[in-house]
file run10.csv (CSV, C-alpha atoms and all ligand atoms)
chain,number,residue,atom,x,y,z
A,1,MET,CA,211.0,61.7,17.8
A,2,LYS,CA,212.7,60.8,21.1
A,3,LYS,CA,213.3,64.5,21.7
A,4,PHE,CA,209.7,65.3,21.1
A,5,SER,CA,208.4,62.7,23.5
A,6,ARG,CA,210.8,63.8,26.3
A,7,LEU,CA,209.5,67.4,25.8
A,8,PHE,CA,205.9,66.1,26.0
A,9,ALA,CA,206.6,64.2,29.2
A,10,HIS,CA,208.3,67.2,30.7
A,11,LEU,CA,205.3,69.5,29.9
A,12,LEU,CA,202.9,66.9,31.4
A,13,ASN,CA,204.8,66.8,34.6
A,14,MET,CA,204.8,70.6,34.8
A,15,LEU,CA,201.0,70.6,34.3
A,16,ILE,CA,200.5,68.0,37.1
A,17,ILE,CA,202.6,69.9,39.5
A,18,LEU,CA,200.8,73.2,38.8
A,19,GLY,CA,197.4,71.4,39.3
A,20,ILE,CA,198.5,70.0,42.6
A,21,PHE,CA,199.7,73.5,43.7
A,22,LEU,CA,196.5,75.2,42.7
A,23,THR,CA,194.3,72.7,44.4
A,24,ALA,CA,196.4,72.9,47.6
A,25,CYS,CA,196.0,76.7,47.6
A,26,THR,CA,192.2,76.5,47.2
A,27,PHE,CA,191.6,74.3,50.2
A,28,GLU,CA,194.1,76.2,52.4
A,29,THR,CA,192.3,79.5,52.0
A,30,GLY,CA,188.8,78.1,51.6
A,31,SER,CA,187.8,81.4,49.9
A,32,ALA,CA,186.8,79.8,46.7
A,33,LEU,CA,184.0,77.8,48.4
A,34,PRO,CA,180.8,79.3,49.7
A,35,GLU,CA,180.5,79.2,53.5
A,36,PRO,CA,178.1,76.4,54.5
A,37,THR,CA,175.0,77.7,56.5
A,38,LEU,CA,174.2,75.4,59.4
A,39,PRO,CA,170.5,74.9,60.2
A,40,SER,CA,171.1,76.2,63.8
A,41,GLU,CA,172.5,79.4,62.3
A,42,GLN,CA,169.4,79.9,60.2
A,43,ASN,CA,167.2,79.5,63.3
A,44,ASN,CA,169.2,82.1,65.1
A,45,HIS,CA,167.9,84.8,62.9
A,46,LYS,CA,165.7,87.1,65.0
A,47,LYS,CA,162.6,88.3,63.2
A,48,SER,CA,161.5,91.9,63.3
A,49,TYR,CA,157.9,93.2,63.2
A,50,ASP,CA,158.1,93.9,59.4
A,51,GLU,CA,159.0,90.2,58.8
A,52,LEU,CA,156.2,88.9,60.9
A,53,VAL,CA,153.1,87.3,59.3
A,54,VAL,CA,150.3,86.8,61.8
A,55,GLY,CA,146.9,85.0,61.3
A,56,TYR,CA,144.2,86.2,63.7
A,57,SER,CA,140.8,84.5,64.2
A,58,GLN,CA,138.4,86.9,65.8
A,59,VAL,CA,135.1,85.9,67.5
A,60,GLY,CA,132.9,88.3,65.5
A,61,ALA,CA,131.6,91.9,65.9
A,62,GLU,CA,128.9,91.2,68.5
A,63,SER,CA,129.6,94.2,70.8
A,64,GLU,CA,131.2,97.6,71.1
A,65,TRP,CA,133.9,95.9,73.2
A,66,ARG,CA,134.7,93.6,70.2
A,67,THR,CA,134.8,96.5,67.8
A,68,GLY,CA,137.3,98.2,70.0
A,69,ASN,CA,139.4,95.0,70.3
A,70,THR,CA,139.5,94.5,66.5
A,71,ALA,CA,140.4,98.2,66.0
A,72,SER,CA,143.3,97.9,68.5
A,73,LEU,CA,144.7,94.8,66.7
A,74,LYS,CA,144.5,96.3,63.2
A,75,GLU,CA,145.9,99.7,64.3
A,76,ALA,CA,148.8,98.0,66.1
A,77,ALA,CA,149.6,95.8,63.1
A,78,GLU,CA,149.6,98.7,60.8
A,79,SER,CA,151.8,100.9,62.9
A,80,LEU,CA,154.3,98.1,63.6
A,81,GLY,CA,154.4,97.0,60.0
A,82,VAL,CA,153.2,93.5,60.8
A,83,GLU,CA,151.4,91.6,58.1
A,84,LEU,CA,148.1,90.7,59.6
A,85,LEU,CA,145.7,88.1,58.1
A,86,PHE,CA,142.4,88.8,59.9
A,87,SER,CA,139.3,86.6,59.9
A,88,ASP,CA,135.9,87.5,61.5
A,89,GLY,CA,134.3,84.2,62.8
A,90,GLN,CA,130.8,85.8,63.0
A,91,GLN,CA,130.4,84.1,66.4
A,92,GLN,CA,130.6,80.6,64.8
A,93,GLN,CA,133.2,78.1,65.9
A,94,GLU,CA,133.3,76.3,62.6
A,95,ASN,CA,134.3,79.6,60.8
A,96,GLN,CA,137.1,80.0,63.3
A,97,ILE,CA,138.3,76.5,62.8
A,98,LYS,CA,138.3,77.0,59.0
A,99,ALA,CA,140.3,80.2,59.4
A,100,ILE,CA,142.9,78.5,61.5
A,101,ARG,CA,143.3,75.8,59.0
A,102,THR,CA,143.7,78.4,56.2
A,103,PHE,CA,146.4,80.1,58.3
A,104,ILE,CA,148.2,76.8,58.7
A,105,ALA,CA,148.1,76.2,54.9
A,106,GLN,CA,149.5,79.8,54.4
A,107,ARG,CA,152.4,79.0,56.8
A,108,VAL,CA,151.9,82.1,58.9
A,109,ASP,CA,154.5,82.6,61.7
A,110,VAL,CA,152.0,82.6,64.6
A,111,ILE,CA,148.2,82.4,65.1
A,112,GLY,CA,146.2,84.5,67.5
A,113,VAL,CA,142.7,83.3,68.4
A,114,SER,CA,139.9,84.5,70.6
A,115,PRO,CA,137.8,81.3,70.9
A,116,VAL,CA,134.1,81.9,70.7
A,117,VAL,CA,133.4,79.0,73.1
A,118,GLU,CA,135.8,77.1,75.4
A,119,THR,CA,135.7,73.6,74.1
A,120,GLY,CA,136.2,71.8,70.8
A,121,TRP,CA,139.7,73.2,69.8
A,122,ASP,CA,141.9,70.2,70.5
A,123,SER,CA,142.2,68.9,66.9
A,124,VAL,CA,142.8,72.2,65.1
A,125,PHE,CA,145.3,73.4,67.7
A,126,GLN,CA,147.1,70.0,67.4
A,127,GLU,CA,147.2,70.6,63.6
A,128,ALA,CA,148.9,74.0,64.2
A,129,LYS,CA,151.3,72.4,66.7
A,130,ASP,CA,152.2,69.7,64.2
A,131,ALA,CA,152.9,72.4,61.6
A,132,GLY,CA,155.2,74.2,64.0
A,133,ILE,CA,152.9,77.2,64.3
A,134,PRO,CA,152.4,78.6,67.8
A,135,ILE,CA,148.9,79.5,69.0
A,136,ILE,CA,148.4,82.6,71.2
A,137,LEU,CA,145.0,82.8,73.0
A,138,VAL,CA,143.7,86.4,73.2
A,139,ASP,CA,140.8,87.7,75.3
A,140,ARG,CA,139.2,84.2,75.8
A,141,ARG,CA,140.6,81.0,77.0
A,142,ALA,CA,140.1,77.5,75.4
A,143,LYS,CA,139.9,74.3,77.4
A,144,VAL,CA,142.8,72.5,75.9
A,145,SER,CA,146.0,71.0,77.4
A,146,ASP,CA,148.8,73.4,78.1
A,147,ASP,CA,151.0,72.2,75.3
A,148,LEU,CA,148.5,73.2,72.6
A,149,TYR,CA,148.9,77.0,73.2
A,150,THR,CA,151.9,79.1,74.0
A,151,THR,CA,150.3,81.8,76.1
A,152,TYR,CA,147.0,83.5,77.0
A,153,LEU,CA,146.6,87.3,76.9
A,154,GLY,CA,143.4,88.5,78.5
A,155,SER,CA,141.2,89.3,81.5
A,156,ASP,CA,140.4,87.4,84.7
A,157,PHE,CA,136.7,86.9,84.0
A,158,ILE,CA,136.1,85.3,87.4
A,159,GLU,CA,137.5,88.4,89.1
A,160,GLU,CA,135.2,90.6,86.9
A,161,GLY,CA,132.2,88.6,88.1
A,162,LYS,CA,133.3,89.0,91.7
A,163,ASN,CA,133.7,92.7,91.3
A,164,ALA,CA,130.2,93.0,89.8
A,165,ALA,CA,128.8,91.1,92.7
A,166,LEU,CA,130.5,93.2,95.3
A,167,VAL,CA,128.9,96.3,93.7
A,168,MET,CA,125.5,94.6,93.5
A,169,VAL,CA,125.5,93.5,97.1
A,170,ASP,CA,126.2,97.1,98.0
A,171,LEU,CA,123.4,98.5,95.8
A,172,LEU,CA,120.9,96.0,97.1
A,173,GLU,CA,122.0,96.5,100.7
A,174,GLY,CA,122.1,92.7,101.0
A,175,GLU,CA,118.6,91.9,99.7
A,176,GLY,CA,117.0,91.6,96.3
A,177,LYS,CA,116.0,89.6,93.2
A,178,ILE,CA,118.3,89.6,90.3
A,179,ILE,CA,117.9,88.8,86.6
A,180,GLU,CA,121.2,87.7,85.0
A,181,LEU,CA,121.7,88.3,81.3
A,182,VAL,CA,124.2,85.7,80.2
A,183,GLY,CA,126.8,86.1,77.4
A,184,THR,CA,127.4,83.5,74.6
A,185,ILE,CA,126.6,80.1,76.1
A,186,GLY,CA,129.8,78.0,76.5
A,187,SER,CA,132.1,81.1,76.2
A,188,ALA,CA,134.8,81.6,78.8
A,189,PRO,CA,133.5,85.1,79.9
A,190,ALA,CA,129.9,83.8,80.3
A,191,ILE,CA,131.0,80.8,82.3
A,192,ASP,CA,133.5,82.7,84.5
A,193,ARG,CA,131.5,85.8,85.0
A,194,ALA,CA,128.6,83.7,86.2
A,195,ALA,CA,130.8,81.7,88.5
A,196,GLY,CA,132.6,84.7,90.0
A,197,PHE,CA,129.4,86.5,90.7
A,198,ARG,CA,127.9,83.5,92.5
A,199,GLN,CA,131.1,83.0,94.6
A,200,VAL,CA,130.4,86.4,96.2
A,201,ILE,CA,126.6,86.4,96.5
A,202,GLN,CA,126.4,83.0,98.0
A,203,ALA,CA,127.3,84.6,101.3
A,204,TYR,CA,124.0,86.7,101.1
A,205,PRO,CA,121.0,84.4,101.5
A,206,ASP,CA,118.6,87.3,100.8
A,207,ILE,CA,120.0,88.0,97.4
A,208,GLN,CA,118.7,85.6,94.8
A,209,ILE,CA,119.2,85.2,91.0
A,210,ILE,CA,115.6,84.5,90.0
A,211,ALA,CA,116.4,83.8,86.3
A,212,SER,CA,119.4,83.6,84.0
A,213,GLN,CA,118.6,84.4,80.3
A,214,PRO,CA,121.0,84.2,77.4
A,215,GLY,CA,121.6,87.4,75.4
A,216,ASP,CA,124.7,86.4,73.4
A,217,PHE,CA,126.5,89.6,74.3
A,218,THR,CA,124.4,91.7,71.9
A,219,ARG,CA,122.1,94.7,72.5
A,220,ALA,CA,119.2,93.2,70.5
A,221,LYS,CA,119.2,89.9,72.4
A,222,GLY,CA,119.7,91.6,75.7
A,223,GLU,CA,116.6,93.7,75.0
A,224,GLU,CA,114.6,90.7,74.0
A,225,ALA,CA,115.6,88.7,77.0
A,226,MET,CA,114.9,91.5,79.4
A,227,ALA,CA,111.4,92.1,77.8
A,228,ASP,CA,110.6,88.4,78.4
A,229,MET,CA,111.8,88.6,82.0
A,230,LEU,CA,109.7,91.7,82.7
A,231,GLN,CA,106.6,89.9,81.3
A,232,LEU,CA,107.3,87.0,83.7
A,233,PHE,CA,108.4,88.9,86.9
A,234,GLY,CA,107.4,92.5,86.4
A,235,ASP,CA,107.9,94.7,89.5
A,236,ASP,CA,109.5,91.9,91.4
A,237,ILE,CA,112.8,92.5,89.7
A,238,ASP,CA,115.2,94.5,91.8
A,239,ALA,CA,118.3,94.3,89.7
A,240,VAL,CA,120.0,93.2,86.5
A,241,TYR,CA,123.4,91.7,86.3
A,242,ALA,CA,124.5,91.7,82.6
A,243,HIS,CA,127.6,89.9,81.5
A,244,ASN,CA,128.4,92.9,79.2
A,245,ASP,CA,127.4,96.5,78.7
A,246,ASP,CA,125.7,95.9,75.3
A,247,MET,CA,123.2,93.5,76.9
A,248,ALA,CA,122.7,96.0,79.8
A,249,ILE,CA,121.9,98.8,77.2
A,250,GLY,CA,119.4,96.4,75.6
A,251,ALA,CA,117.9,95.8,79.0
A,252,ILE,CA,117.7,99.5,79.7
A,253,ARG,CA,115.5,99.9,76.5
A,254,ALA,CA,113.3,97.1,77.6
A,255,ILE,CA,112.8,98.5,81.1
A,256,GLU,CA,111.9,101.9,79.8
A,257,ALA,CA,109.5,100.4,77.3
A,258,TYR,CA,107.9,98.5,80.2
A,259,GLY,CA,107.5,101.8,82.1
A,260,LEU,CA,110.1,101.4,84.8
A,261,ARG,CA,113.2,103.6,85.5
A,262,PRO,CA,116.5,101.7,84.8
A,263,GLY,CA,119.1,102.5,87.4
A,264,GLN,CA,116.4,103.5,90.0
A,265,ASP,CA,113.5,101.0,90.0
A,266,ILE,CA,115.8,98.3,88.7
A,267,LYS,CA,119.5,98.6,89.5
A,268,ILE,CA,121.9,97.5,86.8
A,269,VAL,CA,125.5,96.4,86.9
A,270,SER,CA,127.4,95.2,83.8
A,271,ILE,CA,130.9,94.5,82.5
A,272,ASP,CA,133.2,96.1,79.8
A,273,ALA,CA,133.2,99.8,80.5
A,274,ILE,CA,132.5,100.9,76.9
A,275,ARG,CA,131.9,104.6,76.2
A,276,ASP,CA,128.1,104.1,75.8
A,277,ALA,CA,128.0,102.6,79.3
A,278,PHE,CA,129.6,105.9,80.6
A,279,GLN,CA,126.8,107.8,78.9
A,280,MET,CA,124.2,105.5,80.5
A,281,MET,CA,125.8,106.2,83.9
A,282,ILE,CA,125.8,110.0,83.2
A,283,ASP,CA,122.1,109.6,82.4
A,284,GLY,CA,121.5,107.8,85.6
A,285,LYS,CA,120.4,104.5,83.9
A,286,LEU,CA,123.3,102.3,84.8
A,287,ASN,CA,124.7,101.9,88.3
A,288,ALA,CA,128.2,100.6,87.6
A,289,THR,CA,130.4,99.0,84.9
A,290,VAL,CA,133.3,96.7,85.6
A,291,GLU,CA,136.2,97.2,83.2
A,292,CYS,CA,137.3,94.5,80.7
A,293,ASN,CA,140.2,95.8,78.6
A,294,PRO,CA,140.0,95.2,74.8
A,295,LEU,CA,143.0,97.3,73.8
A,296,LEU,CA,145.2,94.3,73.5
A,297,GLY,CA,146.8,95.0,70.0
A,298,PRO,CA,150.3,96.3,71.0
A,299,GLN,CA,150.7,93.6,73.8
A,300,PHE,CA,149.6,90.9,71.4
A,301,PHE,CA,152.2,91.7,68.7
A,302,ASP,CA,154.9,92.1,71.3
A,303,LEU,CA,154.1,88.6,72.5
A,304,ALA,CA,153.8,87.2,69.0
A,305,LEU,CA,157.3,88.5,68.1
A,306,LYS,CA,158.8,87.1,71.3
A,307,VAL,CA,157.2,83.7,70.7
A,308,VAL,CA,158.4,83.5,67.1
A,309,ASN,CA,161.9,84.5,68.2
A,310,ASN,CA,161.8,81.7,70.9
A,311,GLU,CA,162.0,84.2,73.8
A,312,PRO,CA,160.3,83.1,77.0
A,313,VAL,CA,156.8,84.4,77.7
A,314,PRO,CA,154.5,83.8,80.8
A,315,LYS,CA,151.6,81.4,80.3
A,316,TRP,CA,149.1,84.1,81.2
A,317,ILE,CA,149.4,87.9,80.9
A,318,PRO,CA,146.4,89.3,82.8
A,319,SER,CA,144.9,92.7,82.1
A,320,GLU,CA,144.6,95.4,84.8
A,321,GLU,CA,141.0,96.5,85.2
A,322,GLY,CA,138.9,98.8,87.4
A,323,VAL,CA,135.3,99.5,88.3
A,324,PHE,CA,133.5,102.7,87.3
A,325,PHE,CA,130.6,104.5,88.9
A,326,PRO,CA,128.2,107.2,87.8
A,327,GLU,CA,129.9,109.9,90.0
A,328,ASP,CA,133.1,109.6,88.0
A,329,ALA,CA,131.5,108.9,84.6
A,330,ALA,CA,131.5,112.5,83.2
A,331,GLU,CA,135.1,113.0,84.1
A,332,VAL,CA,136.4,109.7,82.9
A,333,MET,CA,134.3,109.4,79.7
A,334,PRO,CA,136.5,111.7,77.4
A,335,SER,CA,139.5,109.5,78.1
A,336,ARG,CA,137.8,106.2,77.1
A,337,ARG,CA,139.1,104.8,73.9
A,338,TYR,CA,136.5,102.2,73.2
B,1,LIG,O1,135.3,88.1,75.6
B,1,LIG,C1,135.1,89.4,76.0
B,1,LIG,C2,133.6,89.7,75.9
B,1,LIG,O2,133.2,89.4,74.6
B,1,LIG,C3,133.2,91.1,76.2
B,1,LIG,O3,132.9,91.3,77.5
B,1,LIG,C4,131.9,91.1,75.4
B,1,LIG,O4,131.4,92.4,75.3
B,1,LIG,C5,132.4,90.5,74.2
B,1,LIG,O5,131.5,90.2,73.3
call {"tool": "encode", "arguments": {"input": "run10.csv", "output": "structure tokens", "more": "lines below"}}
Ligand code: AHR
result
Amino acid sequence: MKKFSRLFAHLLNMLIILGIFLTACTFETGSALPEPTLPSEQNNHKKSYDELVVGYSQVGAESEWRTGNTASLKEAAESLGVELLFSDGQQQQENQIKAIRTFIAQRVDVIGVSPVVETGWDSVFQEAKDAGIPIILVDRRAKVSDDLYTTYLGSDFIEEGKNAALVMVDLLEGEGKIIELVGTIGSAPAIDRAAGFRQVIQAYPDIQIIASQPGDFTRAKGEEAMADMLQLFGDDIDAVYAHNDDMAIGAIRAIEAYGLRPGQDIKIVSIDAIRDAFQMMIDGKLNATVECNPLLGPQFFDLALKVVNNEPVPKWIPSEEGVFFPEDAAEVMPSRRY
């Protein structure tokens, strides 16, 4: 019995020693335990385009410019392999706000938005910020504090207004009565294009804006507004300044219906430089168009990727834009992509 218990005690000792040895080996090499992943290392993962999920809230489909802008975004997303969740706001701010809230709930990586009007975005942008989702403004600015958006990609609308005015002053030789066709009320391009234009013409006391009529950036409303103005002022009108080409094309129809010659009896300057505007210049019905570039897709996704990967981006990336005249229209038109 004594012999048996001595043997048992010996075996027990051996087992204890073996256990201690194995445990020591495990901790030394560390190989039996999974490597812990630190949160900072998880954040260091740089996303690529095909891992990027982007929510985009578009203004609507009000103009040829907008159609070209939407096509540029969708084509770029497709060719880069980005997952794009696209929402058409149909020119209604409430639709855009709903879309942004949906993108937040879907936990997209970044939200692009072209705000239909300048104000009223603070709460929903704050919601995106609280959820850690960056906002990139595209094409139009919003009046919010700098911390509520990461960057703005788009045109200098004041500069466009100034360029349109310089051309107008030249066409009118310093004297004349102008009808202004205004874009969507409260939108950044309507506000800034009006302001830029006035900054230049205020130096010419014989040039007057006799009426400013809203046309919501559409052909139909531009035509309607111009028909009303012709009823009111008739032959007194020397020129039309339209905040976009679509409204100018609507005005051209109204002027022809009234029995005057657009481009001759009434000079017309507008903004965007869409293909149809080039055709109007070739036909002698439009006197100039100031470019506003809608082909922002590739630049937008490049920015989105940088923002998501915490790379620095400027607060504003302005577009480079020119002015086009009838004499170059036929040569330039084939190369226009919108
Ligand atoms: O915000 C850009 C403007 O919006 C374009 O000039 C106009 O055509 C569009 O609807």
call {"tool": "residues_near_point", "arguments": {"input": "run10.csv", "point": "(145.9, 84.1, 76.6)", "cutoff": "9 Å", "atoms": "all atoms listed in the file", "output": "ChimeraX atom specification"}}
result
/A:113-114,136-142,149-155,315-318
call {"tool": "write_last_selection", "arguments": {"input": "run10.csv", "atoms": "C-alpha atoms", "output": "mmCIF file, keeping the file's coordinate frame"}}
result
data_model
loop_
_atom_site.group_PDB
_atom_site.id
_atom_site.type_symbol
_atom_site.label_atom_id
_atom_site.label_comp_id
_atom_site.auth_asym_id
_atom_site.auth_seq_id
_atom_site.Cartn_x
_atom_site.Cartn_y
_atom_site.Cartn_z
ATOM 1 C CA VAL A 113 142.700 83.300 68.400
ATOM 2 C CA SER A 114 139.900 84.500 70.600
ATOM 3 C CA ILE A 136 148.400 82.600 71.200
ATOM 4 C CA LEU A 137 145.000 82.800 73.000
ATOM 5 C CA VAL A 138 143.700 86.400 73.200
ATOM 6 C CA ASP A 139 140.800 87.700 75.300
ATOM 7 C CA ARG A 140 139.200 84.200 75.800
ATOM 8 C CA ARG A 141 140.600 81.000 77.000
ATOM 9 C CA ALA A 142 140.100 77.500 75.400
ATOM 10 C CA TYR A 149 148.900 77.000 73.200
ATOM 11 C CA THR A 150 151.900 79.100 74.000
ATOM 12 C CA THR A 151 150.300 81.800 76.100
ATOM 13 C CA TYR A 152 147.000 83.500 77.000
ATOM 14 C CA LEU A 153 146.600 87.300 76.900
ATOM 15 C CA GLY A 154 143.400 88.500 78.500
ATOM 16 C CA SER A 155 141.200 89.300 81.500
ATOM 17 C CA LYS A 315 151.600 81.400 80.300
ATOM 18 C CA TRP A 316 149.100 84.100 81.200
ATOM 19 C CA ILE A 317 149.400 87.900 80.900
ATOM 20 C CA PRO A 318 146.400 89.300 82.800
#
call {"tool": "closest_residue", "arguments": {"input": "run10.csv", "among": "A:Ile104, A:Val169, A:Ile185, A:Ile282", "to": "ligand LIG 1 (chain B)", "atoms": "only C-alpha atoms and all ligand atoms"}}
result
A:Ile185
call {"tool": "residues_near_ligand", "arguments": {"input": "run10.csv", "ligand": "ligand LIG 1 (chain B)", "cutoff": "6 Å", "atoms": "only C-alpha atoms and all ligand atoms", "output": "list in words"}}
result
Glu62, Ser63, Trp65, Arg66, Asp139, Arg140, Pro189, Phe217, Asn244 and Asp272 of chain A
call {"tool": "residues_around", "arguments": {"input": "run10.csv", "residues": "A:Gly322", "least_positions_apart": "4", "cutoff": "10 Å", "atoms": "all atoms listed in the file", "output": "short mmCIF file (atom, residue, chain, number, x, y, z; two decimals) with C-alpha atoms, keeping the file's coordinate frame"}}
result
data_model
loop_
_atom_site.label_atom_id
_atom_site.label_comp_id
_atom_site.auth_asym_id
_atom_site.auth_seq_id
_atom_site.Cartn_x
_atom_site.Cartn_y
_atom_site.Cartn_z
CA GLU A 160 135.20 90.60 86.90
CA ASN A 163 133.70 92.70 91.30
CA ASP A 272 133.20 96.10 79.80
CA ALA A 273 133.20 99.80 80.50
CA THR A 289 130.40 99.00 84.90
CA VAL A 290 133.30 96.70 85.60
CA GLU A 291 136.20 97.20 83.20
CA CYS A 292 137.30 94.50 80.70
CA ASN A 293 140.20 95.80 78.60
#
call {"tool": "atom_distance", "arguments": {"input": "run10.csv", "atom1": "atom CA of A:Asn310", "atom2": "atom CA of A:Asp109"}}
result
11.8 Å
call {"tool": "closest_residue", "arguments": {"input": "run10.csv", "among": "A:Val313, A:Leu230, A:Ala188, A:Leu171", "to": "A:Lys143", "atoms": "only C-alpha atoms"}}
result
A:Ala188
call {"tool": "build_atoms", "arguments": {"input": "run10.csv", "residues": "stretch 108-126 of chain A", "atoms": "N, CA and C atoms", "output": "PDB file, keeping the file's coordinate frame"}}
result
ATOM      1  N   VAL A 108     151.681  80.856  58.175  1.00  0.00           N
ATOM      2  CA  VAL A 108     151.900  82.100  58.900  1.00  0.00           C
ATOM      3  C   VAL A 108     152.936  81.780  60.050  1.00  0.00           C
ATOM      4  N   ASP A 109     153.503  82.829  60.652  1.00  0.00           N
ATOM      5  CA  ASP A 109     154.500  82.600  61.700  1.00  0.00           C
ATOM      6  C   ASP A 109     153.825  82.254  63.044  1.00  0.00           C
ATOM      7  N   VAL A 110     152.656  82.839  63.287  1.00  0.00           N
ATOM      8  CA  VAL A 110     152.000  82.600  64.600  1.00  0.00           C
ATOM      9  C   VAL A 110     150.479  82.874  64.360  1.00  0.00           C
ATOM     10  N   ILE A 111     149.658  82.188  65.168  1.00  0.00           N
ATOM     11  CA  ILE A 111     148.200  82.400  65.100  1.00  0.00           C
ATOM     12  C   ILE A 111     147.662  82.908  66.375  1.00  0.00           C
ATOM     13  N   GLY A 112     146.905  84.000  66.297  1.00  0.00           N
ATOM     14  CA  GLY A 112     146.200  84.500  67.500  1.00  0.00           C
ATOM     15  C   GLY A 112     144.740  84.110  67.333  1.00  0.00           C
ATOM     16  N   VAL A 113     144.137  83.681  68.431  1.00  0.00           N
ATOM     17  CA  VAL A 113     142.700  83.300  68.400  1.00  0.00           C
ATOM     18  C   VAL A 113     142.009  83.670  69.635  1.00  0.00           C
ATOM     19  N   SER A 114     140.800  84.202  69.455  1.00  0.00           N
ATOM     20  CA  SER A 114     139.900  84.500  70.600  1.00  0.00           C
ATOM     21  C   SER A 114     138.756  83.500  70.433  1.00  0.00           C
ATOM     22  N   PRO A 115     138.784  82.396  71.159  1.00  0.00           N
ATOM     23  CA  PRO A 115     137.800  81.300  70.900  1.00  0.00           C
ATOM     24  C   PRO A 115     136.399  81.681  71.336  1.00  0.00           C
ATOM     25  N   VAL A 116     135.454  81.542  70.423  1.00  0.00           N
ATOM     26  CA  VAL A 116     134.100  81.900  70.700  1.00  0.00           C
ATOM     27  C   VAL A 116     133.518  81.122  71.907  1.00  0.00           C
ATOM     28  N   VAL A 117     133.828  79.828  71.944  1.00  0.00           N
ATOM     29  CA  VAL A 117     133.400  79.000  73.100  1.00  0.00           C
ATOM     30  C   VAL A 117     134.702  78.300  73.613  1.00  0.00           C
ATOM     31  N   GLU A 118     134.576  77.680  74.794  1.00  0.00           N
ATOM     32  CA  GLU A 118     135.800  77.100  75.400  1.00  0.00           C
ATOM     33  C   GLU A 118     136.255  75.807  74.879  1.00  0.00           C
ATOM     34  N   THR A 119     135.292  74.948  74.455  1.00  0.00           N
ATOM     35  CA  THR A 119     135.700  73.600  74.100  1.00  0.00           C
ATOM     36  C   THR A 119     135.684  73.342  72.585  1.00  0.00           C
ATOM     37  N   GLY A 120     136.296  72.222  72.172  1.00  0.00           N
ATOM     38  CA  GLY A 120     136.200  71.800  70.800  1.00  0.00           C
ATOM     39  C   GLY A 120     137.406  72.305  69.925  1.00  0.00           C
ATOM     40  N   TRP A 121     138.527  72.652  70.557  1.00  0.00           N
ATOM     41  CA  TRP A 121     139.700  73.200  69.800  1.00  0.00           C
ATOM     42  C   TRP A 121     140.839  72.247  69.686  1.00  0.00           C
ATOM     43  N   ASP A 122     140.761  71.107  70.361  1.00  0.00           N
ATOM     44  CA  ASP A 122     141.900  70.200  70.500  1.00  0.00           C
ATOM     45  C   ASP A 122     142.530  69.859  69.092  1.00  0.00           C
ATOM     46  N   SER A 123     141.653  69.387  68.164  1.00  0.00           N
ATOM     47  CA  SER A 123     142.200  68.900  66.900  1.00  0.00           C
ATOM     48  C   SER A 123     142.885  69.999  66.094  1.00  0.00           C
ATOM     49  N   VAL A 124     142.216  71.131  65.968  1.00  0.00           N
ATOM     50  CA  VAL A 124     142.800  72.200  65.100  1.00  0.00           C
ATOM     51  C   VAL A 124     144.052  72.779  65.748  1.00  0.00           C
ATOM     52  N   PHE A 125     144.079  72.881  67.057  1.00  0.00           N
ATOM     53  CA  PHE A 125     145.300  73.400  67.700  1.00  0.00           C
ATOM     54  C   PHE A 125     146.435  72.376  67.561  1.00  0.00           C
ATOM     55  N   GLN A 126     146.074  71.077  67.592  1.00  0.00           N
ATOM     56  CA  GLN A 126     147.100  70.000  67.400  1.00  0.00           C
ATOM     57  C   GLN A 126     147.667  70.152  65.972  1.00  0.00           C
TER      58      GLN A 126
END
